[in-house]
$ cat target09.cif   # mmCIF, C-alpha atoms
data_data
#
loop_
_atom_site.label_atom_id
_atom_site.label_comp_id
_atom_site.auth_asym_id
_atom_site.auth_seq_id
_atom_site.Cartn_x
_atom_site.Cartn_y
_atom_site.Cartn_z
CA MET K 286 -7.93 30.94 -5.54
CA SER K 287 -4.26 30.37 -4.78
CA ALA K 288 -2.35 27.39 -6.12
CA ALA K 289 -2.15 25.87 -2.62
CA ALA K 290 -5.91 26.26 -2.09
CA THR K 291 -6.60 24.68 -5.45
CA LEU K 292 -4.30 21.78 -4.62
CA ILE K 293 -5.99 20.93 -1.31
CA ALA K 294 -9.55 21.63 -2.53
CA PRO K 295 -10.47 17.93 -2.99
CA TRP K 296 -9.66 17.30 0.69
CA ARG K 297 -11.16 20.42 2.27
CA GLY K 298 -13.37 19.52 5.21
CA LEU K 299 -11.70 16.23 6.09
CA PRO K 300 -11.30 15.72 9.86
CA ARG K 301 -8.08 16.67 11.60
CA THR K 302 -7.50 13.03 12.51
CA VAL K 303 -7.19 12.13 8.82
CA TRP K 304 -4.54 14.80 8.27
CA VAL K 305 -2.57 13.64 11.32
CA LEU K 306 -2.56 10.03 10.10
CA VAL K 307 -1.60 11.04 6.57
CA ALA K 308 1.22 13.28 7.80
CA ALA K 309 2.58 10.55 10.06
CA ARG K 310 2.40 7.93 7.32
CA ALA K 311 4.08 10.21 4.77
CA VAL K 312 6.97 11.04 7.10
CA ASN K 313 7.38 7.36 7.89
CA ARG K 314 7.34 6.50 4.18
CA ILE K 315 10.00 9.11 3.42
CA GLY K 316 12.19 7.56 6.09
CA ALA K 317 11.66 4.05 4.76
CA PHE K 318 14.37 4.34 2.10
CA SER K 319 16.52 2.01 4.23
CA LEU K 320 14.43 -0.97 3.12
CA SER K 321 15.83 -0.59 -0.39
CA PHE K 322 19.23 -1.39 1.09
CA LEU K 323 18.26 -4.40 3.21
CA ALA K 324 19.65 -6.94 0.73
CA ILE K 325 22.79 -4.85 0.21
CA VAL K 326 23.42 -4.59 3.97
CA LEU K 327 23.09 -8.35 4.39
CA THR K 328 25.54 -9.07 1.57
CA VAL K 329 28.06 -6.25 1.98
CA GLU K 330 28.07 -5.67 5.74
CA PHE K 331 27.49 -9.23 6.89
CA GLY K 332 28.83 -11.30 4.00
CA ALA K 333 25.61 -13.23 3.32
CA SER K 334 25.45 -15.26 0.11
CA LEU K 335 22.97 -14.19 -2.55
CA SER K 336 20.80 -17.24 -1.89
CA ARG K 337 20.70 -16.57 1.85
CA THR K 338 19.99 -12.89 1.28
CA GLY K 339 17.14 -13.76 -1.07
CA LEU K 340 15.70 -16.12 1.53
CA VAL K 341 15.81 -13.47 4.26
CA VAL K 342 14.18 -10.82 2.05
CA ALA K 343 11.49 -13.34 1.10
CA LEU K 344 10.91 -14.17 4.78
CA PHE K 345 10.65 -10.45 5.53
CA GLY K 346 7.92 -10.16 2.88
CA PHE K 347 6.12 -13.25 4.15
CA ALA K 348 6.23 -11.94 7.74
CA THR K 349 4.27 -8.84 6.68
CA ILE K 350 1.19 -11.04 6.14
CA PRO K 351 0.69 -12.06 9.80
CA SER K 352 1.84 -8.55 10.71
CA ARG K 353 -1.21 -7.07 9.01
CA LEU K 354 -3.56 -9.59 10.66
CA LEU K 355 -2.02 -8.78 14.04
CA GLY K 356 -2.56 -5.09 13.42
CA GLY K 357 -6.25 -5.65 12.69
CA PHE K 358 -6.74 -7.88 15.73
CA LEU K 359 -5.01 -5.50 18.13
CA ALA K 360 -6.76 -2.42 16.74
CA ASP K 361 -10.18 -3.90 17.49
CA ARG K 362 -9.02 -5.18 20.89
CA ILE K 363 -6.77 -2.56 22.49
CA GLY K 364 -7.52 0.48 20.33
CA ARG K 365 -6.40 2.18 17.13
CA ARG K 366 -3.92 4.65 18.62
CA ARG K 367 -2.20 2.13 20.88
CA THR K 368 -1.79 -0.30 17.98
CA ILE K 369 -0.34 2.34 15.65
CA VAL K 370 2.17 3.42 18.30
CA LEU K 371 3.05 -0.22 19.00
CA GLY K 372 3.66 -0.94 15.31
CA LEU K 373 5.84 2.12 14.76
CA THR K 374 7.84 1.46 17.92
CA GLY K 375 8.31 -2.18 16.91
CA CYS K 376 9.63 -1.13 13.51
CA ALA K 377 12.05 1.30 15.14
CA ALA K 378 13.33 -1.34 17.55
CA ALA K 379 13.89 -3.86 14.73
CA GLN K 380 15.72 -1.28 12.59
CA LEU K 381 18.00 -0.32 15.48
CA TRP K 382 18.59 -4.03 16.01
CA ILE K 383 19.73 -4.39 12.39
CA ALA K 384 22.03 -1.36 12.74
CA ALA K 385 23.57 -2.68 15.97
CA SER K 386 23.97 -6.30 14.84
CA THR K 387 27.48 -7.73 14.81
CA THR K 388 26.65 -11.13 13.31
CA LEU K 389 24.76 -12.26 10.25
CA TRP K 390 22.30 -14.33 12.26
CA SER K 391 21.41 -11.36 14.44
CA ALA K 392 20.75 -9.18 11.39
CA MET K 393 18.66 -11.94 9.77
CA VAL K 394 16.46 -12.38 12.84
CA ALA K 395 16.07 -8.60 13.14
CA ALA K 396 14.97 -8.38 9.49
CA ILE K 397 12.26 -10.98 10.08
CA VAL K 398 11.13 -9.18 13.25
CA LEU K 399 10.93 -6.00 11.18
CA GLY K 400 8.59 -7.79 8.78
CA LEU K 401 6.40 -8.89 11.69
CA ALA K 402 6.06 -5.26 12.85
CA PHE K 403 6.01 -3.63 9.43
CA GLU K 404 2.27 -3.80 8.58
CA ILE K 405 0.80 -3.43 12.09
CA TYR K 406 0.25 0.27 11.34
CA GLU K 407 -1.97 -0.19 8.28
CA PRO K 408 -5.27 -1.70 9.54
CA PRO K 409 -5.74 0.69 12.50
CA SER K 410 -4.79 3.65 10.32
CA GLN K 411 -7.27 2.70 7.58
CA ALA K 412 -9.95 1.85 10.15
CA THR K 413 -9.51 5.17 11.94
CA ILE K 414 -10.01 7.04 8.67
CA ALA K 415 -13.26 5.13 8.15
CA ASP K 416 -14.28 5.77 11.77
CA VAL K 417 -14.05 9.56 11.46
CA THR K 418 -15.44 10.06 7.92
CA GLU K 419 -18.82 9.64 6.30
CA PRO K 420 -18.99 7.00 3.52
CA ARG K 421 -19.23 9.70 0.84
CA ASP K 422 -15.96 11.28 2.07
CA ARG K 423 -13.94 8.08 2.38
CA PRO K 424 -12.70 7.96 -1.24
CA ALA K 425 -11.25 11.46 -0.82
CA ALA K 426 -9.72 10.57 2.55
CA TYR K 427 -8.11 7.39 1.24
CA GLY K 428 -7.09 9.32 -1.86
CA LEU K 429 -5.27 11.86 0.29
CA GLN K 430 -3.40 9.05 2.00
CA GLY K 431 -2.51 7.46 -1.34
CA SER K 432 -1.31 10.75 -2.81
CA ALA K 433 0.85 11.48 0.23
CA MET K 434 2.34 8.01 0.03
CA ALA K 435 3.10 8.42 -3.68
CA VAL K 436 4.89 11.72 -3.16
CA ALA K 437 6.72 10.37 -0.11
CA GLY K 438 7.81 7.32 -2.12
CA VAL K 439 9.42 9.55 -4.74
CA LEU K 440 11.17 11.59 -2.03
CA ALA K 441 12.32 8.36 -0.38
CA GLY K 442 13.92 7.30 -3.65
CA LEU K 443 15.71 10.62 -3.99
CA LEU K 444 16.95 10.42 -0.41
CA ALA K 445 18.13 6.87 -0.96
CA ALA K 446 20.19 8.01 -3.92
CA ALA K 447 21.58 10.96 -1.97
CA VAL K 448 22.65 9.12 1.18
CA SER K 449 23.61 5.72 -0.24
CA HIS K 450 27.31 6.62 0.14
CA TRP K 451 26.95 6.61 3.93
CA ASP K 452 27.68 3.69 6.17
CA LEU K 453 24.57 1.70 5.32
CA ARG K 454 23.81 0.86 8.94
CA TRP K 455 23.09 4.53 9.62
CA LEU K 456 20.23 4.40 7.12
CA PHE K 457 18.38 2.07 9.48
CA VAL K 458 19.07 4.41 12.38
CA ALA K 459 17.57 7.29 10.38
CA ASP K 460 14.52 5.18 9.53
CA ALA K 461 14.10 4.22 13.19
CA ILE K 462 14.15 7.90 14.15
CA THR K 463 11.33 8.70 11.69
CA CYS K 464 9.29 5.79 13.09
CA LEU K 465 9.70 7.06 16.64
CA ALA K 466 8.89 10.62 15.57
CA CYS K 467 5.67 9.39 13.95
CA ALA K 468 4.80 7.36 17.05
CA VAL K 469 5.13 10.50 19.18
CA LEU K 470 3.01 12.50 16.72
CA VAL K 471 0.25 9.88 16.72
CA ALA K 472 0.32 9.46 20.50
CA ARG K 473 0.01 13.22 21.07
CA ALA K 474 -2.29 14.24 18.23
CA LEU K 475 -4.82 11.42 17.84
CA PRO K 476 -7.78 11.24 20.21
CA ARG K 477 -7.71 8.70 23.00
CA ASP K 478 -8.87 5.21 22.14
CA VAL K 479 -12.55 4.63 22.81
CA ARG K 480 -13.20 1.70 25.08
CA ARG K 481 -14.72 -1.04 22.93
CA GLU K 482 -16.59 -4.13 23.93
CA ARG K 483 -14.76 -7.26 22.97
CA VAL K 484 -16.45 -8.55 19.87
CA ARG K 485 -16.37 -12.29 19.50
CA ALA K 486 -18.76 -12.26 16.55
CA ALA K 487 -16.45 -10.23 14.33
CA GLY K 488 -13.54 -12.60 14.94
CA VAL K 489 -15.69 -15.58 14.07
CA THR K 490 -17.44 -14.20 11.01
CA VAL K 491 -14.70 -12.23 9.29
CA TRP K 492 -13.48 -15.33 7.42
CA ARG K 493 -17.05 -16.48 6.81
CA ASP K 494 -18.23 -13.27 5.20
CA HIS K 495 -18.40 -14.32 1.55
CA ARG K 496 -18.70 -10.69 0.46
CA LEU K 497 -15.33 -9.90 2.01
CA LEU K 498 -13.74 -12.98 0.45
CA LEU K 499 -15.13 -12.01 -2.97
CA LEU K 500 -13.76 -8.49 -2.54
CA LEU K 501 -10.45 -9.98 -1.44
CA ALA K 502 -10.29 -12.13 -4.60
CA SER K 503 -11.03 -9.15 -6.85
CA GLY K 504 -8.60 -6.96 -4.92
CA THR K 505 -5.86 -9.57 -5.22
CA VAL K 506 -6.11 -9.48 -9.01
CA PHE K 507 -5.89 -5.69 -8.95
CA ALA K 508 -3.00 -5.69 -6.47
CA THR K 509 -1.14 -8.22 -8.62
CA ILE K 510 -1.51 -5.99 -11.68
CA TYR K 511 -0.32 -3.02 -9.61
CA MET K 512 2.73 -4.88 -8.32
CA GLN K 513 3.54 -6.16 -11.81
CA LEU K 514 3.79 -2.52 -12.88
CA ILE K 515 6.19 -1.83 -10.02
CA VAL K 516 8.37 -4.83 -10.91
CA GLY K 517 7.83 -5.00 -14.65
CA VAL K 518 8.15 -1.42 -15.86
CA PRO K 519 11.89 -1.12 -15.02
CA LEU K 520 12.50 -4.44 -16.77
CA THR K 521 10.46 -3.31 -19.76
CA LEU K 522 12.50 -0.10 -20.03
CA LEU K 523 15.62 -2.26 -19.99
CA GLU K 524 14.19 -4.49 -22.73
CA GLN K 525 13.51 -1.40 -24.86
CA GLY K 526 17.03 -0.07 -24.35
CA LEU K 527 15.86 2.95 -22.35
CA PRO K 528 17.87 4.40 -19.42
CA ALA K 529 17.18 3.18 -15.91
CA SER K 530 16.61 6.80 -14.85
CA GLY K 531 13.32 6.58 -16.73
CA THR K 532 11.88 4.60 -13.82
CA GLY K 533 12.37 7.55 -11.48
CA ILE K 534 10.70 9.89 -13.97
CA ILE K 535 7.77 7.50 -14.32
CA LEU K 536 7.37 7.32 -10.53
CA ALA K 537 7.39 11.12 -10.28
CA VAL K 538 4.81 11.51 -13.07
CA SER K 539 2.64 8.86 -11.44
CA ALA K 540 2.72 10.69 -8.10
CA VAL K 541 1.82 14.04 -9.68
CA THR K 542 -0.96 12.44 -11.73
CA MET K 543 -2.49 10.82 -8.66
CA ILE K 544 -2.56 14.17 -6.88
CA LEU K 545 -4.13 15.99 -9.82
CA ALA K 546 -6.69 13.20 -10.24
CA GLN K 547 -8.06 13.62 -6.71
CA ARG K 548 -10.75 16.02 -7.91
CA LEU K 549 -12.22 13.18 -9.96
CA LEU K 550 -12.98 11.28 -6.74
CA ARG K 551 -15.68 13.85 -5.96
CA VAL K 552 -17.55 13.02 -9.18
CA GLN K 553 -20.94 11.50 -8.39
CA LEU K 554 -20.26 7.85 -9.12
CA ASP K 555 -20.99 4.93 -6.86
CA ASP K 556 -18.16 2.55 -5.95
CA PHE K 557 -18.83 0.10 -8.76
CA GLN K 558 -19.19 2.74 -11.47
CA ALA K 559 -15.96 4.34 -10.29
CA MET K 560 -14.17 0.98 -10.26
CA ARG K 561 -15.35 0.23 -13.81
CA VAL K 562 -13.92 3.57 -14.94
CA GLY K 563 -10.73 2.83 -13.02
CA TYR K 564 -10.24 -0.55 -14.66
CA VAL K 565 -10.88 0.82 -18.15
CA LEU K 566 -8.28 3.55 -17.61
CA LEU K 567 -5.85 1.01 -16.13
CA ALA K 568 -6.34 -1.25 -19.15
CA ALA K 569 -5.77 1.69 -21.52
CA GLY K 570 -2.47 2.47 -19.81
CA LEU K 571 -1.40 -1.16 -20.00
CA VAL K 572 -2.18 -1.35 -23.72
CA VAL K 573 -0.16 1.80 -24.40
CA CYS K 574 2.65 0.35 -22.27
CA ALA K 575 2.59 -2.86 -24.34
CA PHE K 576 3.49 -0.99 -27.51
CA ALA K 577 5.62 1.81 -26.04
CA THR K 578 9.19 2.15 -27.31
CA SER K 579 10.08 5.64 -26.05
CA LEU K 580 9.94 7.36 -22.68
CA PRO K 581 7.25 9.92 -23.68
CA VAL K 582 4.90 7.08 -24.64
CA PHE K 583 5.61 5.31 -21.37
CA LEU K 584 4.74 8.56 -19.58
CA LEU K 585 1.42 8.68 -21.46
CA ALA K 586 0.74 5.12 -20.31
CA THR K 587 1.67 6.17 -16.76
CA ALA K 588 -0.90 8.98 -16.81
CA PHE K 589 -3.67 6.56 -17.83
CA TRP K 590 -2.90 3.84 -15.32
CA SER K 591 -2.24 6.31 -12.47
CA VAL K 592 -5.69 7.88 -12.84
CA GLY K 593 -7.17 4.39 -12.95
CA GLU K 594 -5.27 3.34 -9.84
CA THR K 595 -6.50 6.46 -8.04
CA PHE K 596 -10.10 5.30 -8.51
CA LEU K 597 -9.35 1.69 -7.63
CA LEU K 598 -7.12 2.11 -4.57
CA THR K 599 -9.63 4.40 -2.87
CA ARG K 600 -12.80 2.51 -3.77
CA TYR K 601 -11.49 -0.88 -2.72
CA LEU K 602 -10.71 0.48 0.75
CA THR K 603 -14.10 2.19 0.86
CA GLN K 604 -15.80 -1.09 -0.01
CA ALA K 605 -13.87 -3.09 2.59
CA ALA K 606 -14.60 -0.52 5.29
CA GLY K 607 -18.27 -0.44 4.31
CA LEU K 608 -18.70 -4.20 4.59
CA ALA K 609 -17.38 -4.30 8.15
CA PRO K 610 -19.31 -3.85 11.39
CA ASP K 611 -18.04 -0.81 13.30
CA ASP K 612 -16.45 -2.95 16.00
CA GLY K 613 -14.70 -5.26 13.53
CA ARG K 614 -13.59 -2.76 10.91
CA ALA K 615 -9.85 -3.06 11.52
CA ARG K 616 -9.96 -6.84 11.16
CA TYR K 617 -11.95 -6.61 7.92
CA LEU K 618 -9.41 -4.16 6.52
CA ALA K 619 -6.57 -6.38 7.71
CA VAL K 620 -7.99 -9.42 5.92
CA PHE K 621 -8.64 -7.42 2.77
CA GLY K 622 -5.09 -6.07 2.95
CA LEU K 623 -3.74 -9.60 2.54
CA CYS K 624 -4.23 -9.11 -1.20
CA TRP K 625 -1.05 -7.02 -1.15
CA GLY K 626 0.98 -9.73 0.55
CA VAL K 627 -0.15 -12.26 -2.04
CA ALA K 628 0.48 -9.84 -4.89
CA THR K 629 3.95 -8.95 -3.66
CA THR K 630 4.79 -12.66 -3.58
CA VAL K 631 3.43 -13.73 -6.97
CA ALA K 632 3.88 -10.60 -9.12
CA PRO K 633 7.67 -10.98 -9.62
CA LEU K 634 7.17 -14.61 -10.66
CA ILE K 635 4.48 -13.69 -13.19
CA VAL K 636 6.49 -10.80 -14.62
CA THR K 637 9.67 -12.79 -15.16
CA GLN K 638 7.79 -15.78 -16.60
CA LEU K 639 5.77 -13.69 -19.06
CA LEU K 640 8.75 -11.58 -20.09
CA GLU K 641 10.65 -14.76 -20.94
CA THR K 642 7.80 -16.38 -22.86
CA VAL K 643 5.79 -13.60 -24.54
CA GLY K 644 7.93 -10.47 -24.00
CA PRO K 645 6.85 -7.02 -22.77
CA GLU K 646 4.01 -6.77 -25.28
CA GLY K 647 2.45 -10.02 -24.11
CA LEU K 648 3.01 -9.18 -20.42
CA TRP K 649 1.05 -5.95 -20.54
CA LEU K 650 -1.67 -7.20 -22.90
CA VAL K 651 -2.38 -10.10 -20.53
CA ASN K 652 -2.70 -7.64 -17.67
CA ALA K 653 -4.90 -5.35 -19.77
CA ALA K 654 -7.22 -8.29 -20.49
CA ALA K 655 -7.47 -9.01 -16.75
CA ALA K 656 -8.35 -5.35 -16.10
CA ILE K 657 -11.06 -5.38 -18.78
CA ALA K 658 -12.49 -8.59 -17.32
CA LEU K 659 -12.76 -6.95 -13.90
CA ALA K 660 -14.37 -3.86 -15.44
CA ALA K 661 -16.98 -6.11 -17.04
CA ALA K 662 -17.51 -7.96 -13.75
CA GLN K 663 -18.54 -4.85 -11.75
CA PRO K 664 -22.33 -5.32 -12.20
CA LEU K 665 -22.00 -8.88 -10.89
CA LEU K 666 -19.85 -7.70 -7.98
CA ARG K 667 -22.44 -5.04 -7.17
CA THR K 668 -25.10 -7.74 -6.88
CA ARG K 669 -22.99 -10.17 -4.86
CA LEU K 670 -21.55 -7.61 -2.47
CA ALA K 671 -25.01 -6.17 -1.77
CA ARG K 672 -26.21 -9.49 -0.38
CA VAL K 673 -26.21 -9.77 3.38
#

$ encode --input "target09.cif" --output "structure tokens"
Amino acid sequence: MSAAATLIAPWRGLPRTVWVLVAARAVNRIGAFSLSFLAIVLTVEFGASLSRTGLVVALFGFATIPSRLLGGFLADRIGRRRTIVLGLTGCAAAQLWIAASTTLWSAMVAAIVLGLAFEIYEPPSQATIADVTEPRDRPAAYGLQGSAMAVAGVLAGLLAAAVSHWDLRWLFVADAITCLACAVLVARALPRDVRRERVRAAGVTVWRDHRLLLLLASGTVFATIYMQLIVGVPLTLLEQGLPASGTGIILAVSAVTMILAQRLLRVQLDDFQAMRVGYVLLAAGLVVCAFATSLPVFLLATAFWSVGETFLLTRYLTQAAGLAPDDGRARYLAVFGLCWGVATTVAPLIVTQLLETVGPEGLWLVNAAAAIALAAAQPLLRTRLARV
């Protein structure tokens, strides 16, 4: 078997629609390097103060929360494909608006509009994957999407470093072009939207489904740990006197590990067994990270937590999709996805507070304890989530 065949073996047999969505999302993610420069553009190009820039970036992040809910609502109302195209086109329009702005206020409003469009893509994309796959294949399908995103994220970072000497406004033009290219790909390659009956029941019950809210609470803890790694690892490397370039190496190793770990998703474990394994591996990586003082040890920690995250990212989406009625799936996934908006908001605050009070060792041991607690809670979650 060739190396390429071995690499794609975990995803062999997935529907063409899954591959189209993954390809579009990966291309869009590669082009999203402009977002790393949003704060710089506001300060350098438009002369915004640091406090005003921080406020705008925070508002951008906050706007992604209703953006995700809007994506779920529209996907179940007007169709998956239409909603994906709308979200990508909206992002492109907002990015071109930023690039063409001549005043600070125009750029600030455009940044907030970008936040409102930014997450529309996610619920219909995740729901479509669930629509076209059997439950047993969903972990592999979501794993393919996660692996593509990880690799694309690394490439986005490399591109950002390579083109950062350009006029920064052109970065947003380039990002807008990738969004429009993905919109065209989705519009041409995905099947037409199936006419759906308007479902009032799903809209009423989605916030009353206690199983979904329990999954959301558990997922928020996981997402917060995940985002603390994103924010906290670079700061930890700095605390240990290691070069900032180590962060890029860690991201690359994490992406490769997640790809290689995809075969493990085919192991015969139910969702809760797999999530227990995932949390134990995540905790092991966090403990190693707590005591790491050299880059090789941090890379060992990265391997542990990346395999754990591979289990957890895929199984949480599988669970959320499985709880939903077919005609309300996008809205269920949109509500579950709010865990990422909450985590993105609170994780930086937790990281900085814990680093100041208990240092890197305490930061990662606290997170490891939370992961172990969630591993121990899986039998209870199995019981509660099985109730109708």

$ residues_near_point --input "target09.cif" --point "(10.3, -12.2, -1.0)" --cutoff "12 Å" --atoms "all atoms listed in the file" --output "MDAnalysis selection string"
chainID K and resid 323:324 336:350 397 400 626:634

$ write_last_selection --input "target09.cif" --atoms "C-alpha atoms" --output "tab-separated table (two decimals), keeping the file's coordinate frame"
chain	number	residue	atom	x	y	z
K	323	LEU	CA	18.26	-4.40	3.21
K	324	ALA	CA	19.65	-6.94	0.73
K	336	SER	CA	20.80	-17.24	-1.89
K	337	ARG	CA	20.70	-16.57	1.85
K	338	THR	CA	19.99	-12.89	1.28
K	339	GLY	CA	17.14	-13.76	-1.07
K	340	LEU	CA	15.70	-16.12	1.53
K	341	VAL	CA	15.81	-13.47	4.26
K	342	VAL	CA	14.18	-10.82	2.05
K	343	ALA	CA	11.49	-13.34	1.10
K	344	LEU	CA	10.91	-14.17	4.78
K	345	PHE	CA	10.65	-10.45	5.53
K	346	GLY	CA	7.92	-10.16	2.88
K	347	PHE	CA	6.12	-13.25	4.15
K	348	ALA	CA	6.23	-11.94	7.74
K	349	THR	CA	4.27	-8.84	6.68
K	350	ILE	CA	1.19	-11.04	6.14
K	397	ILE	CA	12.26	-10.98	10.08
K	400	GLY	CA	8.59	-7.79	8.78
K	626	GLY	CA	0.98	-9.73	0.55
K	627	VAL	CA	-0.15	-12.26	-2.04
K	628	ALA	CA	0.48	-9.84	-4.89
K	629	THR	CA	3.95	-8.95	-3.66
K	630	THR	CA	4.79	-12.66	-3.58
K	631	VAL	CA	3.43	-13.73	-6.97
K	632	ALA	CA	3.88	-10.60	-9.12
K	633	PRO	CA	7.67	-10.98	-9.62
K	634	LEU	CA	7.17	-14.61	-10.66

$ closest_residue --input "target09.cif" --among "K:Gly357, K:Gly375, K:Gly438, K:Pro476" --to "Gln411 (chain K)" --atoms "all atoms listed in the file"
K:Gly357

$ residues_around --input "target09.cif" --residues "Ile462 (chain K)" --least-positions-apart "5" --cutoff "10 Å" --atoms "only C-alpha atoms" --output "mmCIF file with C-alpha atoms, keeping the file's coordinate frame"
data_model
loop_
_atom_site.group_PDB
_atom_site.id
_atom_site.type_symbol
_atom_site.label_atom_id
_atom_site.label_comp_id
_atom_site.auth_asym_id
_atom_site.auth_seq_id
_atom_site.Cartn_x
_atom_site.Cartn_y
_atom_site.Cartn_z
ATOM 1 C CA ASN K 313 7.380 7.360 7.890
ATOM 2 C CA GLY K 316 12.190 7.560 6.090
ATOM 3 C CA THR K 374 7.840 1.460 17.920
ATOM 4 C CA ALA K 377 12.050 1.300 15.140
ATOM 5 C CA ALA K 378 13.330 -1.340 17.550
ATOM 6 C CA GLN K 380 15.720 -1.280 12.590
ATOM 7 C CA LEU K 381 18.000 -0.320 15.480
ATOM 8 C CA LEU K 456 20.230 4.400 7.120
ATOM 9 C CA PHE K 457 18.380 2.070 9.480
ATOM 10 C CA CYS K 467 5.670 9.390 13.950
ATOM 11 C CA ALA K 468 4.800 7.360 17.050
#

$ axis_aligned_box --input "target09.cif" --around "region 647-660 of chain K" --padding-each-side "3 Å" --output "AutoDock Vina command-line options"
--center_x -5.7 --center_y -7.0 --center_z -19.0 --size_x 23.4 --size_y 12.2 --size_z 16.2

$ closest_residue --input "target09.cif" --among "K:Ala615, K:Cys574, K:Met560, K:Leu327" --to "Trp390 (chain K)" --atoms "only C-alpha atoms"
K:Leu327

$ resolve_selection --input "target09.cif" --expression "the PyMOL selection byres ((chain K and resi 522) around 9)" --output "JSON, numbers by chain"
{"K": [517, 518, 519, 520, 521, 523, 524, 525, 526, 527, 528, 529, 531, 532, 578, 579, 580, 583]}

$ residues_near_point --input "target09.cif" --point "(-3.5, -2.6, -12.9)" --cutoff "8 Å" --atoms "only C-alpha atoms" --output "JSON, numbers by chain"
{"K": [507, 508, 509, 510, 511, 513, 514, 564, 567, 568, 571, 590, 593, 594, 652, 653, 656]}

$ write_last_selection --input "target09.cif" --atoms "C-alpha atoms" --output "JSON list (two decimals), in the coordinates of the input"
[["chain", "number", "residue", "atom", "x", "y", "z"],
["K", 507, "PHE", "CA", -5.89, -5.69, -8.95],
["K", 508, "ALA", "CA", -3.00, -5.69, -6.47],
["K", 509, "THR", "CA", -1.14, -8.22, -8.62],
["K", 510, "ILE", "CA", -1.51, -5.99, -11.68],
["K", 511, "TYR", "CA", -0.32, -3.02, -9.61],
["K", 513, "GLN", "CA", 3.54, -6.16, -11.81],
["K", 514, "LEU", "CA", 3.79, -2.52, -12.88],
["K", 564, "TYR", "CA", -10.24, -0.55, -14.66],
["K", 567, "LEU", "CA", -5.85, 1.01, -16.13],
["K", 568, "ALA", "CA", -6.34, -1.25, -19.15],
["K", 571, "LEU", "CA", -1.40, -1.16, -20.00],
["K", 590, "TRP", "CA", -2.90, 3.84, -15.32],
["K", 593, "GLY", "CA", -7.17, 4.39, -12.95],
["K", 594, "GLU", "CA", -5.27, 3.34, -9.84],
["K", 652, "ASN", "CA", -2.70, -7.64, -17.67],
["K", 653, "ALA", "CA", -4.90, -5.35, -19.77],
["K", 656, "ALA", "CA", -8.35, -5.35, -16.10]]

$ closest_atom_pairs --input "target09.cif" --of "region 538-638 of chain K" --to "region 351-354 of chain K" --cutoff "10 Å" --atoms "all atoms listed in the file" --output "Markdown table"
| residue | atom | partner | partner_atom | distance |
| --- | --- | --- | --- | --- |
| K:Ala615 | CA | K:Leu354 | CA | 9.1 |
| K:Arg616 | CA | K:Leu354 | CA | 7.0 |
| K:Tyr617 | CA | K:Leu354 | CA | 9.3 |
| K:Leu618 | CA | K:Leu354 | CA | 9.0 |
| K:Ala619 | CA | K:Leu354 | CA | 5.3 |
| K:Val620 | CA | K:Leu354 | CA | 6.5 |
| K:Phe621 | CA | K:Leu354 | CA | 9.6 |
| K:Gly622 | CA | K:Arg353 | CA | 7.3 |
| K:Leu623 | CA | K:Arg353 | CA | 7.4 |
| K:Gly626 | CA | K:Arg353 | CA | 9.1 |
